[in-house]
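Participant: My structure is stored as work_9.pdb, with PDB, C-alpha atoms and all ligand atoms.
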```pdb
ATOM      1  CA  MET B   6       0.000   0.000   0.000
ATOM      2  CA  THR B   7       1.441   3.400  -0.933
ATOM      3  CA  SER B   8       1.424   6.211   1.627
ATOM      4  CA  GLU B   9      -1.218   8.036  -0.501
ATOM      5  CA  GLU B  10      -3.467   4.982  -0.308
ATOM      6  CA  PHE B  11      -2.821   4.647   3.423
ATOM      7  CA  ASN B  12      -3.807   8.314   3.941
ATOM      8  CA  LEU B  13      -7.029   7.873   1.983
ATOM      9  CA  PHE B  14      -8.136   4.978   4.210
ATOM     10  CA  ARG B  15      -6.852   6.671   7.363
ATOM     11  CA  THR B  16      -9.035   9.729   6.658
ATOM     12  CA  LEU B  17     -12.051   7.620   5.710
ATOM     13  CA  ILE B  18     -11.839   5.567   8.913
ATOM     14  CA  TYR B  19     -11.219   8.644  11.065
ATOM     15  CA  ASP B  20     -14.215  10.450   9.556
ATOM     16  CA  THR B  21     -16.388   7.365  10.014
ATOM     17  CA  CYS B  22     -15.627   6.314  13.571
ATOM     18  CA  GLY B  23     -12.926   8.548  15.080
ATOM     19  CA  ILE B  24     -10.284   5.797  15.180
ATOM     20  CA  ASP B  25      -6.984   7.413  14.227
ATOM     21  CA  PHE B  26      -4.586   4.967  12.562
ATOM     22  CA  GLN B  27      -1.000   6.146  12.950
ATOM     23  CA  GLN B  28       1.518   5.312  10.217
ATOM     24  CA  ASP B  29       3.203   2.745  12.505
ATOM     25  CA  LYS B  30      -0.070   0.732  12.536
ATOM     26  CA  SER B  31      -0.322   0.690   8.734
ATOM     27  CA  PHE B  32       0.533  -3.044   8.655
ATOM     28  CA  LEU B  33      -2.556  -3.756  10.781
ATOM     29  CA  LEU B  34      -4.797  -1.703   8.516
ATOM     30  CA  GLU B  35      -3.257  -3.280   5.405
ATOM     31  CA  ASN B  36      -3.893  -6.740   6.795
ATOM     32  CA  ARG B  37      -7.584  -6.053   7.543
ATOM     33  CA  LEU B  38      -8.083  -4.286   4.202
ATOM     34  CA  ARG B  39      -6.669  -7.220   2.272
ATOM     35  CA  LYS B  40      -9.027  -9.650   4.026
ATOM     36  CA  ARG B  41     -12.068  -7.495   3.234
ATOM     37  CA  MET B  42     -10.900  -6.883  -0.358
ATOM     38  CA  GLN B  43     -10.484 -10.622  -0.872
ATOM     39  CA  HIS B  44     -13.975 -11.193   0.510
ATOM     40  CA  CYS B  45     -15.403  -8.599  -1.913
ATOM     41  CA  GLY B  46     -13.354  -9.880  -4.849
ATOM     42  CA  ILE B  47     -11.541  -6.554  -5.295
ATOM     43  CA  SER B  48      -7.808  -6.570  -5.961
ATOM     44  CA  SER B  49      -6.802  -2.889  -5.881
ATOM     45  CA  TYR B  50      -6.859  -0.528  -2.872
ATOM     46  CA  ILE B  51      -8.156   2.346  -4.969
ATOM     47  CA  LYS B  52     -11.036   0.286  -6.380
ATOM     48  CA  TYR B  53     -11.936  -0.848  -2.860
ATOM     49  CA  TYR B  54     -11.805   2.759  -1.644
ATOM     50  CA  TYR B  55     -14.250   3.869  -4.384
ATOM     51  CA  TYR B  56     -16.456   0.876  -3.604
ATOM     52  CA  LEU B  57     -16.582   1.894   0.081
ATOM     53  CA  THR B  58     -17.379   5.516  -0.651
ATOM     54  CA  GLY B  59     -20.058   5.001  -3.309
ATOM     55  CA  GLY B  60     -23.567   3.620  -2.871
ATOM     56  CA  LEU B  61     -25.497   1.603  -0.302
ATOM     57  CA  THR B  62     -23.558  -1.669  -0.540
ATOM     58  CA  GLY B  63     -20.367   0.365  -0.091
ATOM     59  CA  SER B  64     -21.628   1.965   3.109
ATOM     60  CA  GLN B  65     -22.613  -1.470   4.431
ATOM     61  CA  GLU B  66     -19.134  -2.728   3.586
ATOM     62  CA  LEU B  67     -17.682   0.295   5.425
ATOM     63  CA  ILE B  68     -19.534  -0.787   8.598
ATOM     64  CA  THR B  69     -18.044  -4.278   8.188
ATOM     65  CA  LEU B  70     -14.555  -2.870   7.573
ATOM     66  CA  VAL B  71     -14.757  -0.673  10.690
ATOM     67  CA  ASP B  72     -16.008  -3.686  12.660
ATOM     68  CA  SER B  73     -12.964  -5.649  11.488
ATOM     69  CA  ILE B  74     -10.442  -3.014  12.614
ATOM     70  CA  THR B  75     -11.764  -2.648  16.185
ATOM     71  CA  ILE B  76      -9.667  -3.955  19.052
ATOM     72  CA  ASN B  77     -11.925  -5.670  21.557
ATOM     73  CA  GLU B  78      -9.537  -6.556  24.395
ATOM     74  CA  THR B  79     -11.436  -6.612  27.717
ATOM     75  CA  ASN B  80     -12.011  -8.597  30.889
ATOM     76  CA  PHE B  81     -14.300  -8.799  33.892
ATOM     77  CA  PHE B  82     -13.686  -6.150  36.565
ATOM     78  CA  ARG B  83     -10.911  -4.629  34.456
ATOM     79  CA  ASN B  84      -9.089  -2.084  36.620
ATOM     80  CA  ARG B  85     -10.488  -3.387  39.917
ATOM     81  CA  PRO B  86      -9.842  -0.170  41.918
ATOM     82  CA  GLN B  87     -12.417   1.578  39.712
ATOM     83  CA  PHE B  88     -15.035  -1.029  40.618
ATOM     84  CA  ASP B  89     -14.108  -0.604  44.307
ATOM     85  CA  LEU B  90     -14.628   3.144  43.875
ATOM     86  CA  LEU B  91     -17.964   2.468  42.196
ATOM     87  CA  GLU B  92     -19.066   0.162  45.016
ATOM     88  CA  THR B  93     -17.810   2.061  48.051
ATOM     89  CA  PHE B  94     -18.124   5.698  46.970
ATOM     90  CA  VAL B  95     -20.014   6.458  43.760
ATOM     91  CA  LEU B  96     -23.029   4.178  44.236
ATOM     92  CA  PRO B  97     -23.574   5.007  47.953
ATOM     93  CA  GLU B  98     -23.453   8.741  47.100
ATOM     94  CA  LEU B  99     -25.855   8.421  44.161
ATOM     95  CA  ILE B 100     -28.235   6.122  46.064
ATOM     96  CA  LEU B 101     -28.427   8.545  48.980
ATOM     97  CA  LYS B 102     -29.056  11.459  46.607
ATOM     98  CA  LYS B 103     -31.756   9.559  44.728
ATOM     99  CA  LYS B 104     -33.486   8.549  47.954
ATOM    100  CA  GLN B 105     -33.473  12.179  49.115
ATOM    101  CA  GLU B 106     -34.999  13.180  45.778
ATOM    102  CA  GLY B 107     -37.552  10.349  46.100
ATOM    103  CA  GLU B 108     -36.479   8.778  42.817
ATOM    104  CA  LYS B 109     -35.278   5.184  42.615
ATOM    105  CA  ARG B 110     -33.936   5.353  39.081
ATOM    106  CA  LEU B 111     -30.415   4.746  37.805
ATOM    107  CA  ARG B 112     -29.156   5.013  34.230
ATOM    108  CA  ILE B 113     -25.695   3.756  33.340
ATOM    109  CA  TRP B 114     -23.953   3.615  29.962
ATOM    110  CA  SER B 115     -21.069   1.333  29.072
ATOM    111  CA  ALA B 116     -19.818   3.006  25.874
ATOM    112  CA  GLY B 117     -17.489   0.758  23.879
ATOM    113  CA  CYS B 118     -18.608  -2.327  25.840
ATOM    114  CA  SER B 119     -16.838  -4.914  23.657
ATOM    115  CA  SER B 120     -17.897  -8.515  24.465
ATOM    116  CA  GLY B 121     -19.906  -7.501  27.534
ATOM    117  CA  GLN B 122     -17.527  -8.117  30.434
ATOM    118  CA  GLU B 123     -17.639  -4.420  31.413
ATOM    119  CA  PRO B 124     -21.444  -3.926  31.557
ATOM    120  CA  TYR B 125     -21.907  -7.323  33.228
ATOM    121  CA  SER B 126     -19.260  -6.386  35.845
ATOM    122  CA  ILE B 127     -21.191  -3.159  36.482
ATOM    123  CA  ALA B 128     -24.439  -5.145  36.812
ATOM    124  CA  ILE B 129     -22.846  -7.576  39.290
ATOM    125  CA  THR B 130     -21.533  -4.625  41.315
ATOM    126  CA  LEU B 131     -25.037  -3.130  41.442
ATOM    127  CA  LEU B 132     -26.564  -6.453  42.523
ATOM    128  CA  GLU B 133     -23.961  -6.745  45.271
ATOM    129  CA  THR B 134     -24.280  -3.132  46.448
ATOM    130  CA  ILE B 135     -27.885  -1.959  46.223
ATOM    131  CA  PRO B 136     -30.204  -3.295  48.924
ATOM    132  CA  PHE B 137     -33.674  -4.301  47.650
ATOM    133  CA  ILE B 138     -32.500  -3.678  44.077
ATOM    134  CA  ASP B 139     -35.764  -5.040  42.633
ATOM    135  CA  LEU B 140     -37.492  -1.895  43.925
ATOM    136  CA  TRP B 141     -35.254   0.229  41.691
ATOM    137  CA  ASP B 142     -35.656   1.147  38.030
ATOM    138  CA  ILE B 143     -32.170   0.397  36.703
ATOM    139  CA  LYS B 144     -30.918   0.164  33.138
ATOM    140  CA  ILE B 145     -27.414  -0.303  31.800
ATOM    141  CA  LEU B 146     -27.053   0.643  28.140
ATOM    142  CA  ALA B 147     -24.107  -1.218  26.615
ATOM    143  CA  SER B 148     -23.055  -0.016  23.179
ATOM    144  CA  ASP B 149     -20.348  -0.684  20.640
ATOM    145  CA  ILE B 150     -19.560  -0.011  16.985
ATOM    146  CA  SER B 151     -18.781  -3.664  16.297
ATOM    147  CA  LEU B 152     -21.907  -5.680  15.483
ATOM    148  CA  THR B 153     -19.884  -8.898  15.678
ATOM    149  CA  ILE B 154     -18.772  -8.218  19.235
ATOM    150  CA  LEU B 155     -22.261  -7.067  20.277
ATOM    151  CA  GLU B 156     -23.635 -10.452  19.196
ATOM    152  CA  VAL B 157     -21.076 -12.160  21.444
ATOM    153  CA  ALA B 158     -21.902  -9.809  24.326
ATOM    154  CA  GLN B 159     -25.614 -10.423  24.020
ATOM    155  CA  THR B 160     -25.270 -14.188  24.400
ATOM    156  CA  GLY B 161     -23.624 -13.752  27.799
ATOM    157  CA  ARG B 162     -21.677 -16.925  27.045
ATOM    158  CA  TYR B 163     -18.007 -17.164  27.953
ATOM    159  CA  LEU B 164     -15.197 -19.679  27.919
ATOM    160  CA  GLU B 165     -13.286 -20.251  31.153
ATOM    161  CA  THR B 166     -10.344 -18.209  29.789
ATOM    162  CA  GLN B 167     -12.695 -15.233  29.324
ATOM    163  CA  LEU B 168     -13.676 -15.206  33.003
ATOM    164  CA  ARG B 169     -10.341 -13.573  33.869
ATOM    165  CA  GLY B 170     -10.822 -10.986  36.631
ATOM    166  CA  LEU B 171     -13.917 -12.639  38.089
ATOM    167  CA  GLU B 172     -13.882 -13.745  41.731
ATOM    168  CA  GLN B 173     -14.823 -17.365  42.375
ATOM    169  CA  GLU B 174     -17.711 -16.211  44.577
ATOM    170  CA  HIS B 175     -19.199 -14.151  41.722
ATOM    171  CA  GLN B 176     -18.590 -16.946  39.258
ATOM    172  CA  ASP B 177     -20.539 -19.387  41.456
ATOM    173  CA  LYS B 178     -23.309 -16.901  42.119
ATOM    174  CA  TYR B 179     -23.895 -15.408  38.668
ATOM    175  CA  PHE B 180     -22.793 -18.032  36.118
ATOM    176  CA  LEU B 181     -23.971 -21.471  35.065
ATOM    177  CA  LYS B 182     -21.550 -23.931  33.475
ATOM    178  CA  ASN B 183     -22.813 -26.278  30.752
ATOM    179  CA  SER B 184     -21.437 -29.690  29.768
ATOM    180  CA  ASN B 185     -19.243 -28.095  27.044
ATOM    181  CA  GLY B 186     -17.394 -26.078  29.663
ATOM    182  CA  GLU B 187     -19.053 -22.783  28.657
ATOM    183  CA  TYR B 188     -20.243 -20.323  31.273
ATOM    184  CA  PHE B 189     -23.576 -18.520  30.928
ATOM    185  CA  ILE B 190     -24.300 -15.355  32.828
ATOM    186  CA  ASN B 191     -27.590 -15.633  34.689
ATOM    187  CA  GLU B 192     -30.817 -13.785  33.888
ATOM    188  CA  ARG B 193     -30.668 -11.602  36.993
ATOM    189  CA  VAL B 194     -27.505  -9.955  35.638
ATOM    190  CA  LYS B 195     -28.548 -10.084  31.992
ATOM    191  CA  LYS B 196     -31.856  -8.333  32.426
ATOM    192  CA  LEU B 197     -30.126  -5.209  33.767
ATOM    193  CA  VAL B 198     -28.209  -4.761  30.512
ATOM    194  CA  ALA B 199     -29.512  -3.701  27.070
ATOM    195  CA  PHE B 200     -27.082  -3.879  24.135
ATOM    196  CA  ASP B 201     -27.222  -1.507  21.176
ATOM    197  CA  TYR B 202     -25.140  -0.398  18.211
ATOM    198  CA  HIS B 203     -23.775   3.106  18.609
ATOM    199  CA  ASN B 204     -20.945   4.981  16.935
ATOM    200  CA  LEU B 205     -19.236   7.251  19.491
ATOM    201  CA  LYS B 206     -18.221   9.621  16.705
ATOM    202  CA  HIS B 207     -21.791  10.963  16.920
ATOM    203  CA  ASP B 208     -24.139  12.134  19.648
ATOM    204  CA  ASN B 209     -26.746   9.461  20.376
ATOM    205  CA  GLY B 210     -29.076  12.106  21.813
ATOM    206  CA  LEU B 211     -29.475  10.177  25.056
ATOM    207  CA  ARG B 212     -29.429  12.230  28.237
ATOM    208  CA  GLY B 213     -29.924  11.714  31.972
ATOM    209  CA  PHE B 214     -27.174   9.184  32.723
ATOM    210  CA  ASP B 215     -25.919   8.850  36.293
ATOM    211  CA  ILE B 216     -22.748   7.015  35.301
ATOM    212  CA  ILE B 217     -20.854   6.539  32.044
ATOM    213  CA  PHE B 218     -18.060   4.026  31.570
ATOM    214  CA  CYS B 219     -15.986   4.688  28.456
ATOM    215  CA  ARG B 220     -12.729   2.922  29.065
ATOM    216  CA  ASN B 221      -9.931   2.121  26.648
ATOM    217  CA  VAL B 222     -11.725   3.670  23.692
ATOM    218  CA  MET B 223     -10.241   7.189  23.707
ATOM    219  CA  ILE B 224      -6.746   5.696  23.266
ATOM    220  CA  TYR B 225      -7.693   5.118  19.606
ATOM    221  CA  PHE B 226      -8.974   8.692  19.119
ATOM    222  CA  ASP B 227      -6.948  11.857  18.450
ATOM    223  CA  GLN B 228      -7.073  14.941  20.733
ATOM    224  CA  THR B 229      -9.924  16.629  18.833
ATOM    225  CA  GLY B 230     -11.958  13.411  18.806
ATOM    226  CA  CYS B 231     -11.429  13.011  22.580
ATOM    227  CA  ILE B 232     -12.437  16.623  23.316
ATOM    228  CA  ASN B 233     -15.668  16.210  21.331
ATOM    229  CA  LEU B 234     -16.412  12.818  22.885
ATOM    230  CA  VAL B 235     -15.899  13.995  26.464
ATOM    231  CA  ASN B 236     -18.051  17.049  25.812
ATOM    232  CA  ARG B 237     -20.841  14.804  24.508
ATOM    233  CA  PHE B 238     -20.510  12.610  27.609
ATOM    234  CA  ALA B 239     -20.794  15.713  29.813
ATOM    235  CA  ASN B 240     -24.028  16.566  27.985
ATOM    236  CA  SER B 241     -25.342  13.027  28.460
ATOM    237  CA  LEU B 242     -24.577  12.953  32.199
ATOM    238  CA  LEU B 243     -26.709  14.436  34.950
ATOM    239  CA  LEU B 244     -25.065  17.056  37.145
ATOM    240  CA  GLY B 245     -23.119  15.129  39.806
ATOM    241  CA  GLY B 246     -22.934  12.083  37.518
ATOM    242  CA  TYR B 247     -19.683  10.147  37.065
ATOM    243  CA  LEU B 248     -17.458   9.355  34.100
ATOM    244  CA  PHE B 249     -15.044   6.408  34.269
ATOM    245  CA  ILE B 250     -12.248   6.332  31.663
ATOM    246  CA  GLY B 251      -9.370   3.901  31.092
ATOM    247  CA  HIS B 252      -6.337   3.851  33.375
ATOM    248  CA  ALA B 253      -4.072   5.064  30.560
ATOM    249  CA  GLU B 254      -6.484   7.856  29.627
ATOM    250  CA  THR B 255      -6.899  11.331  31.122
ATOM    251  CA  LEU B 256      -9.306  14.267  30.936
ATOM    252  CA  LYS B 257      -6.377  16.683  31.246
ATOM    253  CA  GLY B 258      -6.600  19.180  28.389
ATOM    254  CA  LEU B 259      -9.932  17.709  27.263
ATOM    255  CA  SER B 260     -12.557  19.220  29.566
ATOM    256  CA  THR B 261     -12.981  21.500  32.568
ATOM    257  CA  ARG B 262     -16.504  20.297  33.339
ATOM    258  CA  PHE B 263     -15.358  17.448  35.599
ATOM    259  CA  LYS B 264     -13.657  17.070  38.962
ATOM    260  CA  MET B 265     -11.405  14.090  39.589
ATOM    261  CA  VAL B 266     -12.315  11.720  42.424
ATOM    262  CA  CYS B 267      -9.620   9.292  43.518
ATOM    263  CA  GLN B 268      -9.625   6.512  46.080
ATOM    264  CA  ASN B 269      -7.013   3.752  46.426
ATOM    265  CA  LYS B 270      -5.874   4.140  42.781
ATOM    266  CA  GLY B 271      -9.466   4.072  41.520
ATOM    267  CA  ILE B 272     -10.269   7.206  39.522
ATOM    268  CA  ALA B 273     -13.543   8.649  38.234
ATOM    269  CA  TYR B 274     -14.651  12.128  37.152
ATOM    270  CA  ARG B 275     -17.663  13.906  38.650
ATOM    271  CA  LYS B 276     -19.586  16.243  36.359
ATOM    272  CA  GLU B 277     -19.534  19.691  37.988
ATOM    273  CA  THR B 278     -20.953  21.990  35.279
TER     274      THR B 278
HETATM  275  C1  LIG H 301     -10.356  -2.083  23.897
HETATM  276  S1  LIG H 301     -12.100  -2.276  23.885
HETATM  277  C2  LIG H 301     -12.518  -1.737  25.524
HETATM  278  C3  LIG H 301     -13.660  -2.531  26.124
HETATM  279  C4  LIG H 301     -14.041  -2.117  27.552
HETATM  280  N1  LIG H 301     -14.536  -0.763  27.592
HETATM  281  C5  LIG H 301     -12.868  -2.263  28.480
HETATM  282  O1  LIG H 301     -12.261  -1.276  28.866
HETATM  283  O2  LIG H 301     -12.539  -3.402  28.830
HETATM  284  C6  LIG H 301     -12.595  -0.872  22.889
HETATM  285  C7  LIG H 301     -14.003  -1.018  22.318
HETATM  286  O3  LIG H 301     -14.410   0.238  21.785
HETATM  287  C8  LIG H 301     -15.128   0.015  20.594
HETATM  288  N2  LIG H 301     -15.083   1.233  19.751
HETATM  289  C9  LIG H 301     -14.015   1.754  19.094
HETATM  290  N3  LIG H 301     -14.394   2.841  18.402
HETATM  291  C10 LIG H 301     -15.706   3.029  18.639
HETATM  292  C11 LIG H 301     -16.676   3.984  18.202
HETATM  293  N4  LIG H 301     -16.356   4.980  17.363
HETATM  294  N5  LIG H 301     -17.929   3.863  18.644
HETATM  295  C12 LIG H 301     -18.269   2.854  19.494
HETATM  296  N6  LIG H 301     -17.420   1.916  19.932
HETATM  297  C13 LIG H 301     -16.152   2.002  19.508
HETATM  298  C14 LIG H 301     -14.452  -1.197  19.962
HETATM  299  O4  LIG H 301     -15.276  -1.864  19.059
HETATM  300  C15 LIG H 301     -14.086  -2.030  21.190
HETATM  301  O5  LIG H 301     -15.049  -3.015  21.458
END
```
The structure in this file should be written as structure tokens.

Facilitator:
Amino acid sequence: MTSEEFNLFRTLIYDTCGIDFQQDKSFLLENRLRKRMQHCGISSYIKYYYYLTGGLTGSQELITLVDSITINETNFFRNRPQFDLLETFVLPELILKKKQEGEKRLRIWSAGCSSGQEPYSIAITLLETIPFIDLWDIKILASDISLTILEVAQTGRYLETQLRGLEQEHQDKYFLKNSNGEYFINERVKKLVAFDYHNLKHDNGLRGFDIIFCRNVMIYFDQTGCINLVNRFANSLLLGGYLFIGHAETLKGLSTRFKMVCQNKGIAYRKET
């Protein structure tokens, strides 16, 4: 692939989903492009580019291409100190506030949820933390740009190797193992979570969230993309709501609408304005 061709695809992918491919990742992009081109029976990069950018079948192929370039690495209770912060600080504060306001309603969004370990970990934390949870109106929206990974997430079916990060107690309590050695998350956890396709490059128009998790997604975005994304999250959150980002990510230089809350290495950001 020539550098002109690389730049064409880099811009197309950036404009479509915000993922910014640096030149040093060109081999990865080239590899995925070749697979898709082979599948479509197209042998030249330029022809494939024009196919992607023209007509309905092209835009469907673009969704598939973007799906194929996503990196879906995740695990249960990833960055445990953040879940401790959620359990011991964020949820107690929000629950108290809601009770004072006479409203037993919680809305949480796991944005870039991958194969579901993150939203299911949030759901387990809620089940473990909120007394008489059945009296609450709770919904966790779990979204991703990859339709393939959303299908996996929705099944709630995991291999033993994918249970990494899960305590034995939670495994026994919330999973059922079948004779093939697969683990199924139980209905109590599952019914708290609703999966949906959403591209974080755009505003989904949803408002009124108490908590947003968007972890290890911004690392693939450039500075401008991150600023816009964080601003959209601030608009989607209620005042006093919390944003959780990845441990290698920061809000520094991105937004002044949040205040950092830190406890035992667990970090979250409270929406102040
Ligand atoms: C590395 S995974 C992180 C999963 C989980 N949040 C965690 O921290 O374990 C990043 C996820 O973000 C999704 N993603 C990347 N760009 C996106 C976009 N523009 N809109 C929605 N999801 C996106 C990918 O498909 C992938 O599943």

Participant: Identify which of the residues B:Leu205, B:Leu243, B:Ala273, B:Ile154 lies closest to Asn77 of chain B, counting only C-alpha atoms when measuring atom-to-atom distances.

Facilitator: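 Smallest distance to Asn77 of chain B is found for B:Ile154.
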
Participant: Find, counting all atoms listed in the file, the residue in B:Asn80, B:Ser115, B:Asn240, B:Asn204 that gets nearest to Thr166 of chain B.

Facilitator: B:Asn80

Participant: Show me the residues close to (-30.5, 7.7, 31.9) - anything with an atom within 7 Å, counting all atoms listed in the file - and format the list as a VMD selection string.

Facilitator: chain B and resid 111 to 113 212 to 215

Participant: Selection in question (the file shown): the PyMOL selection byres (((chain B and resi 68-75) around 10) and not hetatm). Which residues does it include, as a PyMOL selection string?

Facilitator: chain B and resi 18-19+21-22+24+26+33-34+36-38+40-42+57+63-67+76-78+119+149-154+222+225

Participant: Within 9 Å of Leu96 of chain B, counting only C-alpha atoms, which residues qualify if same-chain residues fewer than 5 places away don't, as JSON, numbers by chain?

Facilitator: {"B": [90, 91, 101, 131, 134, 135]}

Participant: Go through B:Gln167, B:Gln228, B:Ser148, B:Asn191 one by one, measure the shortest atom-to-atom distance of each to ligand LIG 301 (chain H) using only C-alpha atoms and all ligand atoms, and give the residue with the smallest value.

Facilitator: B:Ser148

Participant: If you measure from atom CA of His203 of chain B to atom C12 of ligand LIG 301 (chain H), what distance in Å do you get, rounded to one decimal?

Facilitator: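 Calculated distance between atom CA of His203 of chain B and atom C12 of ligand LIG 301 (chain H) is 5.6 Å.
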
Participant: Could you give me the axis-aligned bounding box of segment 190-199 of chain B, with 5 Å of padding per side, as centre plus edge lengths in Å to one decimal, as AutoDock Vina command-line options?

Facilitator:
```
--center_x -28.1 --center_y -9.7 --center_z 32.0 --size_x 17.6 --size_y 21.9 --size_z 19.9
```

Participant: Point out the residue among B:Leu13, B:Leu164, B:Leu244, B:Met223 with the least atom-to-atom distance to ligand LIG 301 (chain H), counting all atoms listed in the file.

Facilitator: B:Met223

Participant: Using all atoms listed in the file, which of the listed residues (B:Leu181, B:Ile138, B:Leu132, B:Ala116) sits closest to Leu248 of chain B?

Facilitator: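 For Leu248 of chain B, the nearest of the given residues is B:Ala116.
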
Participant: If I take atom CA of Arg237 of chain B and atom C10 of ligand LIG 301 (chain H), how far is one from the other in Å, to one decimal?

Facilitator: 14.1 Å

Participant: Counting only C-alpha atoms and all ligand atoms, which residue out of B:Phe14, B:Tyr125, B:Phe200, B:Phe218 sits closest to ligand LIG 301 (chain H)?

Facilitator: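 Closest to ligand LIG 301 (chain H) of all the choices is B:Phe218.
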
Participant: Quick one: distance from atom CA of Phe137 of chain B to atom CA of Leu171 of chain B in Å, one decimal?

Facilitator: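 These two atoms are separated by 23.5 Å.
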
Participant: Do you know which residues are at most 8 Å from Ala147 of chain B counting all atoms listed in the file, after dropping those on the same chain fewer than 5 positions away, and could you put them as a PyMOL selection string?

Facilitator: chain B and resi 114-118+121+124+198-201

Participant: Name the residues in contact with Ile100 of chain B at a cut-off of 10 Å, using only C-alpha atoms, excluding same-chain residues fewer than 3 positions from it; report them as a list of chain:residue names.

Facilitator: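 Non-adjacent residues within range: B:Val95, B:Leu96, B:Pro97, B:Lys103, B:Lys104, B:Gln105, B:Glu106, B:Glu108, B:Lys109, B:Arg110, B:Leu111, B:Ile135.
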
Participant: Selection in question (the file shown): the PyMOL selection byres (((chain B and resi 168) around 12) and not hetatm). Which residues does it include, as a compact mmCIF listing (two decimals) with C-alpha atoms, keeping the file's coordinate frame?

Facilitator:
```txt
# COMPACT_ATOMS: atom_id res chain seq x y z
CA THR B 79 -11.44 -6.61 27.72
CA ASN B 80 -12.01 -8.60 30.89
CA PHE B 81 -14.30 -8.80 33.89
CA PHE B 82 -13.69 -6.15 36.56
CA ARG B 83 -10.91 -4.63 34.46
CA SER B 120 -17.90 -8.52 24.46
CA GLY B 121 -19.91 -7.50 27.53
CA GLN B 122 -17.53 -8.12 30.43
CA GLU B 123 -17.64 -4.42 31.41
CA TYR B 125 -21.91 -7.32 33.23
CA SER B 126 -19.26 -6.39 35.84
CA GLY B 161 -23.62 -13.75 27.80
CA ARG B 162 -21.68 -16.92 27.04
CA TYR B 163 -18.01 -17.16 27.95
CA LEU B 164 -15.20 -19.68 27.92
CA GLU B 165 -13.29 -20.25 31.15
CA THR B 166 -10.34 -18.21 29.79
CA GLN B 167 -12.70 -15.23 29.32
CA ARG B 169 -10.34 -13.57 33.87
CA GLY B 170 -10.82 -10.99 36.63
CA LEU B 171 -13.92 -12.64 38.09
CA GLU B 172 -13.88 -13.74 41.73
CA GLN B 173 -14.82 -17.36 42.38
CA HIS B 175 -19.20 -14.15 41.72
CA GLN B 176 -18.59 -16.95 39.26
CA ASP B 177 -20.54 -19.39 41.46
CA TYR B 179 -23.90 -15.41 38.67
CA PHE B 180 -22.79 -18.03 36.12
CA LYS B 182 -21.55 -23.93 33.48
CA GLY B 186 -17.39 -26.08 29.66
CA GLU B 187 -19.05 -22.78 28.66
CA TYR B 188 -20.24 -20.32 31.27
CA PHE B 189 -23.58 -18.52 30.93
CA ILE B 190 -24.30 -15.36 32.83
```

Participant: Can you list, as a VMD selection string, the residues that the PyMOL selection byres (((chain B and resi 265) around 12) and not hetatm) selects here?

Facilitator: chain B and resid 245 to 250 255 to 257 260 to 264 266 to 268 270 to 277
